[in-house]
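Chemist: One structure, pasted below without further comment.
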Amino acid sequence: MPISTAPDGTPLWRRRTPRADLLVWFGWLCGVALAVACFQFISERTIWAFVWDAPQQGADLVGRMFPPRWDYANQLWKPLWDTINIATLGTALAVAIGAPLAFLAAHNTTPSVALVRPLALVVIVASRSINSLIWALVLVIILGPGELAGILAIALRSIGFIAKLLYEAIEEIDPTQVEALTATGASGAQVLTWGIVPQVMPAFAGITVFRWDINIREATVLGLVGAGGIGMQLEASINTLAWPQVTVIFVLILATVLASEWLSARVRHRII
Amino acid sequence: MSLSAAPFDAAAAARAWRPPPLIANPWLRWGVYLGALVYALVGIGTVEVNWTRAAEGLERGARFLAGFFPPDFVTKREDILEGLLESLTMTVVSTAIGIALSIPVALGASRNLAPLPIYLFCRGVIAVSRSFQEVIIAIVFVAMVGFGPLAGMLTLAFATIGFMAKLLAEDIEDIERSEAEAVRATGAGWFSWIAWGVLPQVKPRLIGLSAYRLDINFRESAVLGLVGAGGIGDTLNTAFDRYEFDTAAAILLVIIAIVLACEYASGWLRRWVQ
């Protein structure tokens, strides 16, 4: 333990040695310097005159957002239902593809460590790296605007998420149960359905519900690039500067997201 | 039971072991199955798909993908570099500010540290910050401070607060009470109590979450450009708008590469800390 000595000879407890102190201080210095340098870069690209009147702009914006045009909500139920559909069907599709993919990627269930596993991992990483909004941007160009592009965008992004968490769960299973089954002479498929699947089932259900919850949130903005759902109405309202309608949309999104989060938390709490 | 006389034995079949289902209550279980089936039928039924347009899309998609190859890193090199630098700087600053602000919010949102009014206020901040997708927050910030990376930075910082504060508060609520109490018993003030009794217990989690959030912030910074909040998303959107698909492909590859690098770095950091 680092100790320094006071002038009168009594030992004083120190948290770190002087050398470690210096290193920590230097680390903080580097971090702060980096952040300041980065901020300078951003600040060079900012028109500060626009920023200084931000409070005024903000007040103006809020002023235009109120009072909300509540009767606009009647036109929003169908887009809201579409949004929920995009999230749910997209999640279902992602589960259908992601779950087998997870078994191909997990170390202990993959048919071939040398060939199939790296391939599955590449698919997972490519799917995870690209945000669903970018997927939607690409798919809208290919498939045309509409819910189909949204569903596929959600699915493409979720495949990697679901497969990654699930394959990690599969790799963490208790191997003794699998061994016991193998010892009874069970075939590969039987070991899978009786030994591995029951062990990862709770994790699987939890991951699916969790991703569904995230997808609801993501589906609300897919419409900004034309991929269906309530985001289309948001885009239209913002483009026509109909801020009272934007408020109504925000309130609906907030309510939907909170409800889905509550539901997902309840389900996960029950399962785990 | 003899082997030779083996007609179907209903009693034995009933006794055969089955794995317990995930949902124990049969009413709930079949209800969930039935609900899922009905929803699937209704949901798929109400999705409007223009199949002729989608079929045309396959051909269009082939042409589109052909336009992606070969990725063109060179022609718009300046723009890509500029967008990338904007994204990276946005990520660093927003993560730093977000974490700095999220710590007080997390302390306020822990029921074992904060009185009820502060607790409710901080939980409210977290709920608002987490409920809205980053892109929606970016729209509001762009309307307030104008186009450019500052709007993106503010957005990411705001989103970071909700994420970090929620997860950190959960960890703070789970701390070992006796350690914090021991510090308190020495007569420590509130700040010393937090610094020596609480912080050391949540520090690994704080560092791990920060690394994770850095990773997320970069990923998000790539899409904020779609609504004009700066970063590489801006460059990507421009490339799409100008039908420069080879440049778009190059940008997507750069994003994937950086995300991969971030993920490995943050994974390594988290393993090292925990």
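By order of appearance in the structure tokens: chains A, B, ..., then residues from 1 within every chain, and ligands from 1 in the order shown.
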Give me, as a Markdown table, the closest atom pair and its distance (Å, one decimal) for every residue of chain B within a cut-off of 7 Å of chain A, counting only C-alpha atoms, rows sorted by chain and rising number.
Modeler:
```
| residue | atom | partner | partner_atom | distance |
| --- | --- | --- | --- | --- |
| B:Gly43 | CA | A:Asn85 | CA | 6.0 |
| B:Val47 | CA | A:Glu147 | CA | 6.7 |
| B:Glu48 | CA | A:Glu147 | CA | 6.9 |
| B:Val49 | CA | A:Leu148 | CA | 6.2 |
| B:Arg53 | CA | A:Leu143 | CA | 6.6 |
| B:Ala54 | CA | A:Leu143 | CA | 4.8 |
| B:Gly57 | CA | A:Leu143 | CA | 4.7 |
| B:Arg60 | CA | A:Ile142 | CA | 6.0 |
| B:Gly61 | CA | A:Ile142 | CA | 4.9 |
| B:Glu86 | CA | A:Ile42 | CA | 6.9 |
| B:Thr89 | CA | A:Cys38 | CA | 4.7 |
| B:Val92 | CA | A:Ala35 | CA | 6.2 |
| B:Val93 | CA | A:Ala35 | CA | 5.3 |
| B:Ser131 | CA | A:Val257 | CA | 6.0 |
| B:Phe132 | CA | A:Leu254 | CA | 7.0 |
| B:Gln133 | CA | A:Arg217 | CA | 6.1 |
| B:Met144 | CA | A:Ala54 | CA | 5.1 |
| B:Val145 | CA | A:Val51 | CA | 4.6 |
| B:Gly146 | CA | A:Phe50 | CA | 6.1 |
| B:Gly148 | CA | A:Thr46 | CA | 6.2 |
| B:Pro149 | CA | A:Ile42 | CA | 6.1 |
| B:Leu150 | CA | A:Ile42 | CA | 6.3 |
| B:Val223 | CA | A:Ile134 | CA | 6.9 |
| B:Ile256 | CA | A:Ser129 | CA | 5.4 |
| B:Val259 | CA | A:Ser129 | CA | 6.1 |
```
Chemist: What does the file look like for those residues with N, CA and C atoms, as a short mmCIF file (atom, residue, chain, number, x, y, z; two decimals), in the first residue's frame?
Modeler:
```cif
data_model
loop_
_atom_site.label_atom_id
_atom_site.label_comp_id
_atom_site.auth_asym_id
_atom_site.auth_seq_id
_atom_site.Cartn_x
_atom_site.Cartn_y
_atom_site.Cartn_z
N GLY B 43 -52.55 -9.02 -39.03
CA GLY B 43 -51.41 -8.15 -39.32
C GLY B 43 -50.95 -8.30 -40.76
N VAL B 47 -51.21 -5.46 -44.12
CA VAL B 47 -50.03 -4.85 -44.74
C VAL B 47 -50.30 -4.67 -46.22
N GLU B 48 -50.19 -3.43 -46.67
CA GLU B 48 -50.44 -3.18 -48.08
C GLU B 48 -49.12 -3.31 -48.84
N VAL B 49 -49.07 -4.29 -49.70
CA VAL B 49 -47.84 -4.46 -50.48
C VAL B 49 -48.18 -4.35 -51.95
N ARG B 53 -44.84 -3.63 -57.93
CA ARG B 53 -43.72 -2.74 -57.70
C ARG B 53 -42.55 -3.50 -57.08
N ALA B 54 -42.88 -4.42 -56.14
CA ALA B 54 -41.83 -5.20 -55.49
C ALA B 54 -41.14 -6.12 -56.49
N GLY B 57 -38.90 -4.40 -58.46
CA GLY B 57 -37.78 -4.04 -57.59
C GLY B 57 -36.62 -5.01 -57.69
N ARG B 60 -34.63 -3.91 -60.50
CA ARG B 60 -34.06 -2.63 -60.09
C ARG B 60 -32.96 -2.86 -59.05
N GLY B 61 -33.25 -3.81 -58.12
CA GLY B 61 -32.28 -4.11 -57.07
C GLY B 61 -30.98 -4.64 -57.65
N GLU B 86 -16.42 14.37 -38.87
CA GLU B 86 -17.57 14.94 -38.16
C GLU B 86 -18.20 13.88 -37.26
N THR B 89 -15.87 13.07 -34.25
CA THR B 89 -15.81 14.12 -33.24
C THR B 89 -17.14 14.22 -32.49
N VAL B 92 -17.21 11.48 -29.90
CA VAL B 92 -16.37 11.69 -28.72
C VAL B 92 -16.98 12.73 -27.79
N VAL B 93 -17.32 13.90 -28.36
CA VAL B 93 -17.82 14.98 -27.51
C VAL B 93 -19.15 14.60 -26.87
N SER B 131 -37.44 7.26 -24.71
CA SER B 131 -38.60 6.89 -25.52
C SER B 131 -38.47 7.33 -26.96
N PHE B 132 -37.82 8.49 -27.17
CA PHE B 132 -37.77 8.99 -28.52
C PHE B 132 -36.52 8.48 -29.20
N GLN B 133 -36.72 8.01 -30.40
CA GLN B 133 -35.62 7.59 -31.23
C GLN B 133 -34.70 8.79 -31.46
N MET B 144 -33.81 23.78 -33.81
CA MET B 144 -33.41 24.79 -32.83
C MET B 144 -32.05 25.42 -33.15
N VAL B 145 -31.02 24.60 -33.44
CA VAL B 145 -29.68 25.17 -33.60
C VAL B 145 -29.19 25.16 -35.04
N GLY B 146 -30.02 24.72 -35.97
CA GLY B 146 -29.61 24.75 -37.37
C GLY B 146 -28.91 23.48 -37.79
N GLY B 148 -26.08 20.86 -39.12
CA GLY B 148 -24.66 20.72 -38.80
C GLY B 148 -24.42 19.79 -37.62
N PRO B 149 -23.14 19.50 -37.38
CA PRO B 149 -22.79 18.49 -36.38
C PRO B 149 -23.17 18.88 -34.95
N LEU B 150 -23.36 20.17 -34.67
CA LEU B 150 -23.71 20.53 -33.30
C LEU B 150 -25.05 19.92 -32.91
N VAL B 223 -26.52 7.80 -38.89
CA VAL B 223 -27.85 8.01 -39.48
C VAL B 223 -28.40 9.41 -39.23
N ILE B 256 -19.11 0.03 -41.67
CA ILE B 256 -19.01 -1.33 -41.12
C ILE B 256 -17.63 -1.54 -40.49
N VAL B 259 -17.37 0.41 -37.21
CA VAL B 259 -18.21 -0.20 -36.16
C VAL B 259 -17.55 -1.46 -35.62
#
```
Chemist: DSSP on the backbone, then: every residue of segment 18-198 of chain A marked alpha helix (DSSP H), written as a PyMOL selection string.
Modeler: chain A and resi 18-44+48-52+54-65+77-105+116-129+132-143+147-171+175-183+188-191+197-198
Chemist: Considering only C-alpha atoms, return as a PDB file with N, CA and C atoms, in the first residue's frame whatever protein or nucleic-acid residues lie within 10 Å of segment 202-209 of chain B, sequence-local ones (same chain, fewer than 6 positions apart) excluded.
Modeler:
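What follows is the written file around_7.pdb:
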```pdb
ATOM      1  N   ILE B  99     -21.977  11.378 -20.592  1.00  0.00           N
ATOM      2  CA  ILE B  99     -21.613  10.644 -19.384  1.00  0.00           C
ATOM      3  C   ILE B  99     -21.533  11.597 -18.195  1.00  0.00           C
ATOM      4  N   ILE B 103     -24.242  11.067 -14.833  1.00  0.00           N
ATOM      5  CA  ILE B 103     -23.914  10.611 -13.473  1.00  0.00           C
ATOM      6  C   ILE B 103     -24.821  11.273 -12.425  1.00  0.00           C
ATOM      7  N   PHE B 163     -29.798   6.578 -21.525  1.00  0.00           N
ATOM      8  CA  PHE B 163     -29.259   5.211 -21.554  1.00  0.00           C
ATOM      9  C   PHE B 163     -28.359   4.946 -20.349  1.00  0.00           C
ATOM     10  N   MET B 164     -27.360   5.839 -20.181  1.00  0.00           N
ATOM     11  CA  MET B 164     -26.378   5.630 -19.110  1.00  0.00           C
ATOM     12  C   MET B 164     -27.041   5.733 -17.748  1.00  0.00           C
ATOM     13  N   ALA B 165     -27.886   6.762 -17.578  1.00  0.00           N
ATOM     14  CA  ALA B 165     -28.465   6.992 -16.258  1.00  0.00           C
ATOM     15  C   ALA B 165     -29.336   5.814 -15.845  1.00  0.00           C
ATOM     16  N   LEU B 167     -29.179   2.551 -16.778  1.00  0.00           N
ATOM     17  CA  LEU B 167     -28.425   1.344 -16.439  1.00  0.00           C
ATOM     18  C   LEU B 167     -27.553   1.566 -15.208  1.00  0.00           C
ATOM     19  N   LEU B 168     -27.000   2.791 -15.092  1.00  0.00           N
ATOM     20  CA  LEU B 168     -26.152   3.086 -13.940  1.00  0.00           C
ATOM     21  C   LEU B 168     -26.992   3.110 -12.659  1.00  0.00           C
ATOM     22  N   ALA B 169     -28.194   3.685 -12.749  1.00  0.00           N
ATOM     23  CA  ALA B 169     -29.061   3.763 -11.567  1.00  0.00           C
ATOM     24  C   ALA B 169     -29.415   2.359 -11.082  1.00  0.00           C
ATOM     25  N   GLU B 170     -29.651   1.441 -12.038  1.00  0.00           N
ATOM     26  CA  GLU B 170     -29.942   0.057 -11.644  1.00  0.00           C
ATOM     27  C   GLU B 170     -28.784  -0.517 -10.851  1.00  0.00           C
ATOM     28  N   ASP B 171     -27.559  -0.205 -11.296  1.00  0.00           N
ATOM     29  CA  ASP B 171     -26.377  -0.727 -10.611  1.00  0.00           C
ATOM     30  C   ASP B 171     -26.209  -0.068  -9.236  1.00  0.00           C
ATOM     31  N   ILE B 172     -26.504   1.231  -9.177  1.00  0.00           N
ATOM     32  CA  ILE B 172     -26.360   1.928  -7.898  1.00  0.00           C
ATOM     33  C   ILE B 172     -27.367   1.372  -6.894  1.00  0.00           C
ATOM     34  N   GLU B 173     -28.569   1.024  -7.387  1.00  0.00           N
ATOM     35  CA  GLU B 173     -29.575   0.494  -6.468  1.00  0.00           C
ATOM     36  C   GLU B 173     -29.179  -0.880  -5.947  1.00  0.00           C
ATOM     37  N   ASP B 174     -28.280  -1.556  -6.651  1.00  0.00           N
ATOM     38  CA  ASP B 174     -27.855  -2.903  -6.248  1.00  0.00           C
ATOM     39  C   ASP B 174     -26.576  -2.907  -5.424  1.00  0.00           C
ATOM     40  N   ILE B 175     -26.067  -1.749  -5.023  1.00  0.00           N
ATOM     41  CA  ILE B 175     -24.765  -1.748  -4.342  1.00  0.00           C
ATOM     42  C   ILE B 175     -24.868  -2.419  -2.971  1.00  0.00           C
ATOM     43  N   ASP B 215     -19.585   3.162 -28.658  1.00  0.00           N
ATOM     44  CA  ASP B 215     -19.847   2.306 -29.797  1.00  0.00           C
ATOM     45  C   ASP B 215     -21.223   2.635 -30.408  1.00  0.00           C
ATOM     46  N   SER B 266     -14.270  -1.869 -27.705  1.00  0.00           N
ATOM     47  CA  SER B 266     -15.072  -1.732 -26.488  1.00  0.00           C
ATOM     48  C   SER B 266     -15.225  -3.080 -25.788  1.00  0.00           C
ATOM     49  N   GLY B 267     -15.322  -4.154 -26.568  1.00  0.00           N
ATOM     50  CA  GLY B 267     -15.394  -5.487 -25.965  1.00  0.00           C
ATOM     51  C   GLY B 267     -14.127  -5.799 -25.189  1.00  0.00           C
ATOM     52  N   TRP B 268     -12.999  -5.442 -25.786  1.00  0.00           N
ATOM     53  CA  TRP B 268     -11.705  -5.679 -25.135  1.00  0.00           C
ATOM     54  C   TRP B 268     -11.606  -4.869 -23.848  1.00  0.00           C
ATOM     55  N   LEU B 269     -12.054  -3.592 -23.914  1.00  0.00           N
ATOM     56  CA  LEU B 269     -12.001  -2.713 -22.741  1.00  0.00           C
ATOM     57  C   LEU B 269     -12.880  -3.253 -21.627  1.00  0.00           C
ATOM     58  N   ARG B 270     -14.105  -3.734 -22.016  1.00  0.00           N
ATOM     59  CA  ARG B 270     -15.016  -4.223 -20.986  1.00  0.00           C
ATOM     60  C   ARG B 270     -14.469  -5.476 -20.308  1.00  0.00           C
ATOM     61  N   ARG B 271     -13.863  -6.360 -21.107  1.00  0.00           N
ATOM     62  CA  ARG B 271     -13.276  -7.576 -20.519  1.00  0.00           C
ATOM     63  C   ARG B 271     -12.138  -7.210 -19.584  1.00  0.00           C
ATOM     64  N   TRP B 272     -11.377  -6.183 -19.985  1.00  0.00           N
ATOM     65  CA  TRP B 272     -10.214  -5.783 -19.210  1.00  0.00           C
ATOM     66  C   TRP B 272     -10.648  -5.185 -17.873  1.00  0.00           C
ATOM     67  N   VAL B 273     -11.793  -4.478 -17.882  1.00  0.00           N
ATOM     68  CA  VAL B 273     -12.251  -3.815 -16.664  1.00  0.00           C
ATOM     69  C   VAL B 273     -12.933  -4.792 -15.726  1.00  0.00           C
ATOM     70  N   GLN B 274     -13.743  -5.720 -16.296  1.00  0.00           N
ATOM     71  CA  GLN B 274     -14.552  -6.576 -15.436  1.00  0.00           C
ATOM     72  C   GLN B 274     -13.853  -7.860 -15.011  1.00  0.00           C
TER      73      GLN B 274
END
```
Chemist: Within 12 Å of Arg69 of chain A, counting only C-alpha atoms, which residues show up once you throw out same-chain ones fewer than 5 positions away? Write them as a ChimeraX atom specification, please.
Modeler: /A:64,74-76,237,242-251
Chemist: Pick the closest to Asp174 of chain A from A:Pro118, A:Gly27, A:Gly195, A:Pro67: which is it, counting only C-alpha atoms?
Modeler: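 Closest to Asp174 of chain A of all the choices is A:Gly195.
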